[in-house]
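Enquirer: target10.cif is the file, holding mmCIF, C-alpha atoms:
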```cif
data_input
#
loop_
_atom_site.label_atom_id
_atom_site.label_comp_id
_atom_site.auth_asym_id
_atom_site.auth_seq_id
_atom_site.Cartn_x
_atom_site.Cartn_y
_atom_site.Cartn_z
CA MET A 3 0.00 0.00 0.00
CA SER A 4 1.25 3.46 -0.88
CA GLY A 5 -0.12 5.08 2.28
CA LYS A 6 -1.90 7.75 0.23
CA GLN A 7 -5.65 7.36 -0.19
CA TYR A 8 -7.20 8.70 -3.38
CA LEU A 9 -10.86 9.55 -3.91
CA THR A 10 -12.65 10.73 -7.00
CA THR A 11 -15.14 13.57 -6.52
CA GLU A 12 -17.90 10.96 -6.92
CA GLY A 13 -16.39 8.88 -4.12
CA GLU A 14 -16.00 11.95 -1.91
CA THR A 15 -19.69 12.78 -2.40
CA ARG A 16 -20.75 9.21 -1.61
CA ILE A 17 -18.67 9.18 1.60
CA LYS A 18 -19.99 12.58 2.70
CA THR A 19 -23.56 11.32 2.17
CA GLU A 20 -22.88 8.19 4.22
CA LEU A 21 -21.29 10.29 6.96
CA GLU A 22 -24.31 12.58 7.09
CA GLU A 23 -26.62 9.56 7.41
CA LEU A 24 -24.50 8.03 10.18
CA ARG A 25 -24.18 11.27 12.17
CA GLY A 26 -27.88 12.11 11.83
CA PRO A 27 -30.66 9.53 11.51
CA ARG A 28 -28.59 6.45 12.32
CA ARG A 29 -27.05 7.99 15.47
CA GLN A 30 -30.48 9.24 16.61
CA ALA A 31 -32.12 5.84 16.07
CA LEU A 32 -29.34 4.16 18.05
CA ALA A 33 -29.73 6.67 20.90
CA ALA A 34 -33.46 5.87 21.02
CA ARG A 35 -32.68 2.13 21.14
CA LEU A 36 -30.28 2.73 24.03
CA ARG A 37 -32.84 4.82 25.95
CA ASP A 38 -35.46 2.09 25.51
CA ALA A 39 -33.03 -0.62 26.63
CA ILE A 40 -31.98 1.39 29.71
CA GLN A 41 -35.60 1.87 30.71
CA MET A 42 -36.04 -1.91 30.82
CA GLY A 43 -33.99 -1.99 34.02
CA ASP A 44 -31.13 -4.34 35.04
CA LEU A 45 -28.42 -3.59 32.48
CA SER A 46 -26.19 -6.50 33.47
CA GLU A 47 -28.53 -9.02 31.85
CA ASN A 48 -30.13 -6.80 29.22
CA ALA A 49 -29.29 -8.23 25.78
CA ASP A 50 -30.92 -5.29 23.97
CA TYR A 51 -28.73 -2.85 25.87
CA HIS A 52 -25.53 -4.80 25.17
CA LYS A 53 -26.39 -5.14 21.46
CA ALA A 54 -27.18 -1.42 21.21
CA LYS A 55 -23.86 -0.54 22.91
CA GLU A 56 -22.02 -2.84 20.51
CA ASP A 57 -23.81 -1.26 17.53
CA GLN A 58 -22.94 2.18 18.91
CA GLY A 59 -19.26 1.22 18.97
CA PHE A 60 -19.37 0.12 15.35
CA LEU A 61 -21.27 3.26 14.30
CA GLU A 62 -18.84 5.61 16.03
CA GLY A 63 -15.89 3.67 14.61
CA ARG A 64 -17.27 3.99 11.08
CA ILE A 65 -17.85 7.72 11.59
CA GLN A 66 -14.24 8.16 12.73
CA GLU A 67 -12.96 6.11 9.78
CA LEU A 68 -14.90 8.22 7.26
CA GLU A 69 -13.89 11.51 8.90
CA HIS A 70 -10.23 10.45 8.83
CA LEU A 71 -10.51 9.40 5.20
CA LEU A 72 -12.07 12.72 4.15
CA ARG A 73 -9.45 14.71 6.10
CA ASN A 74 -6.50 12.86 4.58
CA ALA A 75 -7.59 11.71 1.12
CA ILE A 76 -6.26 13.23 -2.05
CA ILE A 77 -9.31 14.25 -4.07
CA VAL A 78 -8.88 13.71 -7.80
CA GLU A 79 -10.72 16.43 -9.67
CA PRO A 80 -12.00 15.41 -13.15
CA GLY A 81 -10.36 18.42 -14.84
CA ALA A 82 -7.02 17.75 -13.15
CA ILE A 83 -6.57 14.31 -14.71
CA SER A 84 -3.37 14.11 -16.66
CA ILE A 85 -4.32 13.12 -20.20
CA GLY A 86 -1.87 10.77 -21.80
CA ILE A 87 -0.88 8.57 -18.87
CA VAL A 88 -2.89 6.36 -16.54
CA VAL A 89 -3.59 8.03 -13.18
CA VAL A 90 -6.31 7.75 -10.56
CA GLY A 91 -9.42 9.10 -12.26
CA SER A 92 -8.52 7.80 -15.73
CA ARG A 93 -10.86 5.64 -17.80
CA VAL A 94 -8.58 3.09 -19.46
CA THR A 95 -9.39 0.78 -22.36
CA VAL A 96 -7.14 -2.31 -22.37
CA GLN A 97 -6.97 -5.55 -24.29
CA GLU A 98 -5.60 -8.88 -23.21
CA GLN A 99 -4.25 -10.82 -26.19
CA ASP A 100 -7.15 -11.81 -28.49
CA PHE A 101 -9.95 -11.00 -26.02
CA GLU A 102 -12.43 -8.16 -26.40
CA PRO A 103 -11.21 -4.78 -25.11
CA GLU A 104 -12.26 -3.89 -21.55
CA VAL A 105 -12.73 -0.50 -19.95
CA PHE A 106 -11.60 0.18 -16.39
CA PHE A 107 -11.97 3.29 -14.26
CA MET A 108 -8.93 3.85 -12.01
CA VAL A 109 -9.96 4.75 -8.46
CA GLY A 110 -8.46 4.73 -4.98
CA ALA A 111 -8.66 1.58 -2.86
CA LYS A 112 -11.68 2.83 -0.86
CA GLU A 113 -13.77 3.14 -4.05
CA ALA A 114 -12.77 -0.04 -5.85
CA GLU A 115 -15.61 -2.16 -7.25
CA PRO A 116 -14.00 -4.55 -9.77
CA ARG A 117 -17.33 -6.08 -10.80
CA ILE A 118 -18.40 -2.78 -12.31
CA GLY A 119 -14.98 -1.89 -13.73
CA LYS A 120 -13.67 0.36 -10.93
CA ILE A 121 -10.19 -0.90 -10.14
CA SER A 122 -7.88 0.32 -7.43
CA ASN A 123 -4.53 1.89 -8.16
CA GLU A 124 -3.22 -0.59 -5.56
CA SER A 125 -4.60 -3.75 -7.25
CA PRO A 126 -2.35 -5.88 -9.47
CA PHE A 127 -3.98 -4.47 -12.65
CA GLY A 128 -3.97 -0.94 -11.26
CA ARG A 129 -0.31 -1.01 -10.24
CA ALA A 130 0.65 -2.38 -13.67
CA LEU A 131 -1.34 0.28 -15.57
CA MET A 132 -0.38 3.34 -13.52
CA ASN A 133 1.81 5.92 -15.27
CA HIS A 134 1.73 4.15 -18.65
CA LYS A 135 0.42 5.52 -21.95
CA PRO A 136 -1.60 4.24 -24.91
CA GLY A 137 0.33 1.68 -26.92
CA ASP A 138 2.21 0.38 -23.87
CA THR A 139 1.93 -3.29 -22.97
CA VAL A 140 2.06 -3.96 -19.24
CA GLU A 141 2.28 -7.14 -17.24
CA ALA A 142 0.11 -7.68 -14.17
CA GLU A 143 0.93 -10.34 -11.60
CA THR A 144 -2.39 -11.89 -10.54
CA PRO A 145 -3.21 -14.92 -8.38
CA GLY A 146 -3.90 -16.80 -11.63
CA GLY A 147 -0.52 -15.90 -13.11
CA LYS A 148 0.91 -13.11 -15.24
CA ILE A 149 -1.38 -11.27 -17.63
CA LYS A 150 -0.27 -8.93 -20.41
CA LEU A 151 -2.51 -5.95 -21.15
CA LYS A 152 -2.14 -3.52 -24.02
CA ILE A 153 -3.35 0.00 -23.26
CA LEU A 154 -5.54 1.09 -26.16
CA LYS A 155 -6.99 4.37 -24.91
CA ILE A 156 -7.00 6.69 -21.89
CA GLU A 157 -9.80 9.15 -21.21
#
```
Take the structure in the file and give it back as structure tokens.
Expert:
Amino acid sequence: MSGKQYLTTEGETRIKTELEELRGPRRQALAARLRDAIQMGDLSENADYHKAKEDQGFLEGRIQELEHLLRNAIIVEPGAISIGIVVVGSRVTVQEQDFEPEVFFMVGAKEAEPRIGKISNESPFGRALMNHKPGDTVEAETPGGKIKLKILKIE
């Protein structure tokens, strides 16, 4: 891992929306659950109370994680993408040997969703593609072995 976390503006928006939901409605609903559980009496044997406290710990941990990410992430602005080489934020068309070309969107690790074509700059494909240009052939080391990809286009 490079230590730097990258987010696209889309990813930043999604994380801010999640953070708003967690800080607002989710936190309020959990506080209500805790109040109800406390009103039931004996907390030492109150499963609802213990579950609510556990859920509160997870909620607060997620809030801290998202706040830290937003404070420290490098936000990749669409207009700032360097045309000509693969960087976070690039849409890359590649081809493996005689297979059909595939399009990948390079994102930071926190946004990666390989099933829909969003690959992390820290993944084997992402590391291989980074800082290369159209026409380059790169080799990615995957669990299934080495794969050669030719970069056809960068947008």
Enquirer: Going by the chain IDs and residue numbers used in this file, which residues fall under the PyMOL selection byres ((chain A and resi 69-72) around 10)? Write them as JSON, numbers by chain.
Expert: {"A": [7, 8, 9, 14, 17, 18, 21, 63, 64, 65, 66, 67, 68, 73, 74, 75, 76, 77, 112]}
Enquirer: Could you tell me which residues the PyMOL selection byres ((chain A and resi 150-154) around 7) returns for this structure, as an MDAnalysis selection string?
Expert: chainID A and resid 95:98 135:142 148:149 155
Enquirer: Okay, now the selection with C-alpha atoms, as an mmCIF file, keeping the file's coordinate frame?
Expert:
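Wrote it out as selection-v7.cif, contents follow:
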```
data_model
loop_
_atom_site.group_PDB
_atom_site.id
_atom_site.type_symbol
_atom_site.label_atom_id
_atom_site.label_comp_id
_atom_site.auth_asym_id
_atom_site.auth_seq_id
_atom_site.Cartn_x
_atom_site.Cartn_y
_atom_site.Cartn_z
ATOM 1 C CA THR A 95 -9.390 0.780 -22.360
ATOM 2 C CA VAL A 96 -7.140 -2.310 -22.370
ATOM 3 C CA GLN A 97 -6.970 -5.550 -24.290
ATOM 4 C CA GLU A 98 -5.600 -8.880 -23.210
ATOM 5 C CA LYS A 135 0.420 5.520 -21.950
ATOM 6 C CA PRO A 136 -1.600 4.240 -24.910
ATOM 7 C CA GLY A 137 0.330 1.680 -26.920
ATOM 8 C CA ASP A 138 2.210 0.380 -23.870
ATOM 9 C CA THR A 139 1.930 -3.290 -22.970
ATOM 10 C CA VAL A 140 2.060 -3.960 -19.240
ATOM 11 C CA GLU A 141 2.280 -7.140 -17.240
ATOM 12 C CA ALA A 142 0.110 -7.680 -14.170
ATOM 13 C CA LYS A 148 0.910 -13.110 -15.240
ATOM 14 C CA ILE A 149 -1.380 -11.270 -17.630
ATOM 15 C CA LYS A 155 -6.990 4.370 -24.910
#
```
Enquirer: Please compute the CA of Glu102 (chain A)-CA of Asn133 (chain A) distance, one decimal, in Å.
Expert: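 Rounded to one decimal, the two atoms are 22.9 Å apart.
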Enquirer: Counting all atoms listed in the file, which residues of region 48-104 of chain A fall within 7 Å of region 33-43 of chain A, and what is the closest atom pair for each with its distance in Å at one decimal, ordered by chain and rising number, as CSV?
Expert:
```
residue,atom,partner,partner_atom,distance
A:Asp50,CA,A:Ala39,CA,5.8
A:Tyr51,CA,A:Ala39,CA,4.9
A:Ala54,CA,A:Leu36,CA,5.9
```
Enquirer: State, in Å with one decimal place, the distance from CA of Arg93 (chain A) to CA of Ile121 (chain A).
Expert: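 That distance, rounded to one decimal, is 10.1 Å.
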Enquirer: As an exercise, work out the distance from CA of Ser125 (chain A) to CA of Glu143 (chain A) in Å and give it to one decimal place.
Expert: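 Separation of CA of Ser125 (chain A) and CA of Glu143 (chain A): 9.6 Å.
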Enquirer: Considering only C-alpha atoms, state which residue in the set A:Ala111, A:Leu61, A:Val88, A:Ala49 is at the smallest distance from Ala130 (chain A).
Expert: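 Looking at the shortest contact to Ala130 (chain A), the residue is A:Val88.
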Enquirer: List the residues matched by the PyMOL selection byres ((chain A and resi 132) around 9) in the displayed structure as a PDB file with C-alpha atoms, keeping the file's coordinate frame, ordered by chain and then by residue number.
Expert:
```
ATOM      1  CA  ILE A  87      -0.880   8.570 -18.870  1.00  0.00           C
ATOM      2  CA  VAL A  88      -2.890   6.360 -16.540  1.00  0.00           C
ATOM      3  CA  VAL A  89      -3.590   8.030 -13.180  1.00  0.00           C
ATOM      4  CA  VAL A  90      -6.310   7.750 -10.560  1.00  0.00           C
ATOM      5  CA  MET A 108      -8.930   3.850 -12.010  1.00  0.00           C
ATOM      6  CA  ASN A 123      -4.530   1.890  -8.160  1.00  0.00           C
ATOM      7  CA  PHE A 127      -3.980  -4.470 -12.650  1.00  0.00           C
ATOM      8  CA  GLY A 128      -3.970  -0.940 -11.260  1.00  0.00           C
ATOM      9  CA  ARG A 129      -0.310  -1.010 -10.240  1.00  0.00           C
ATOM     10  CA  ALA A 130       0.650  -2.380 -13.670  1.00  0.00           C
ATOM     11  CA  LEU A 131      -1.340   0.280 -15.570  1.00  0.00           C
ATOM     12  CA  ASN A 133       1.810   5.920 -15.270  1.00  0.00           C
ATOM     13  CA  HIS A 134       1.730   4.150 -18.650  1.00  0.00           C
ATOM     14  CA  LYS A 135       0.420   5.520 -21.950  1.00  0.00           C
TER      15      LYS A 135
END
```
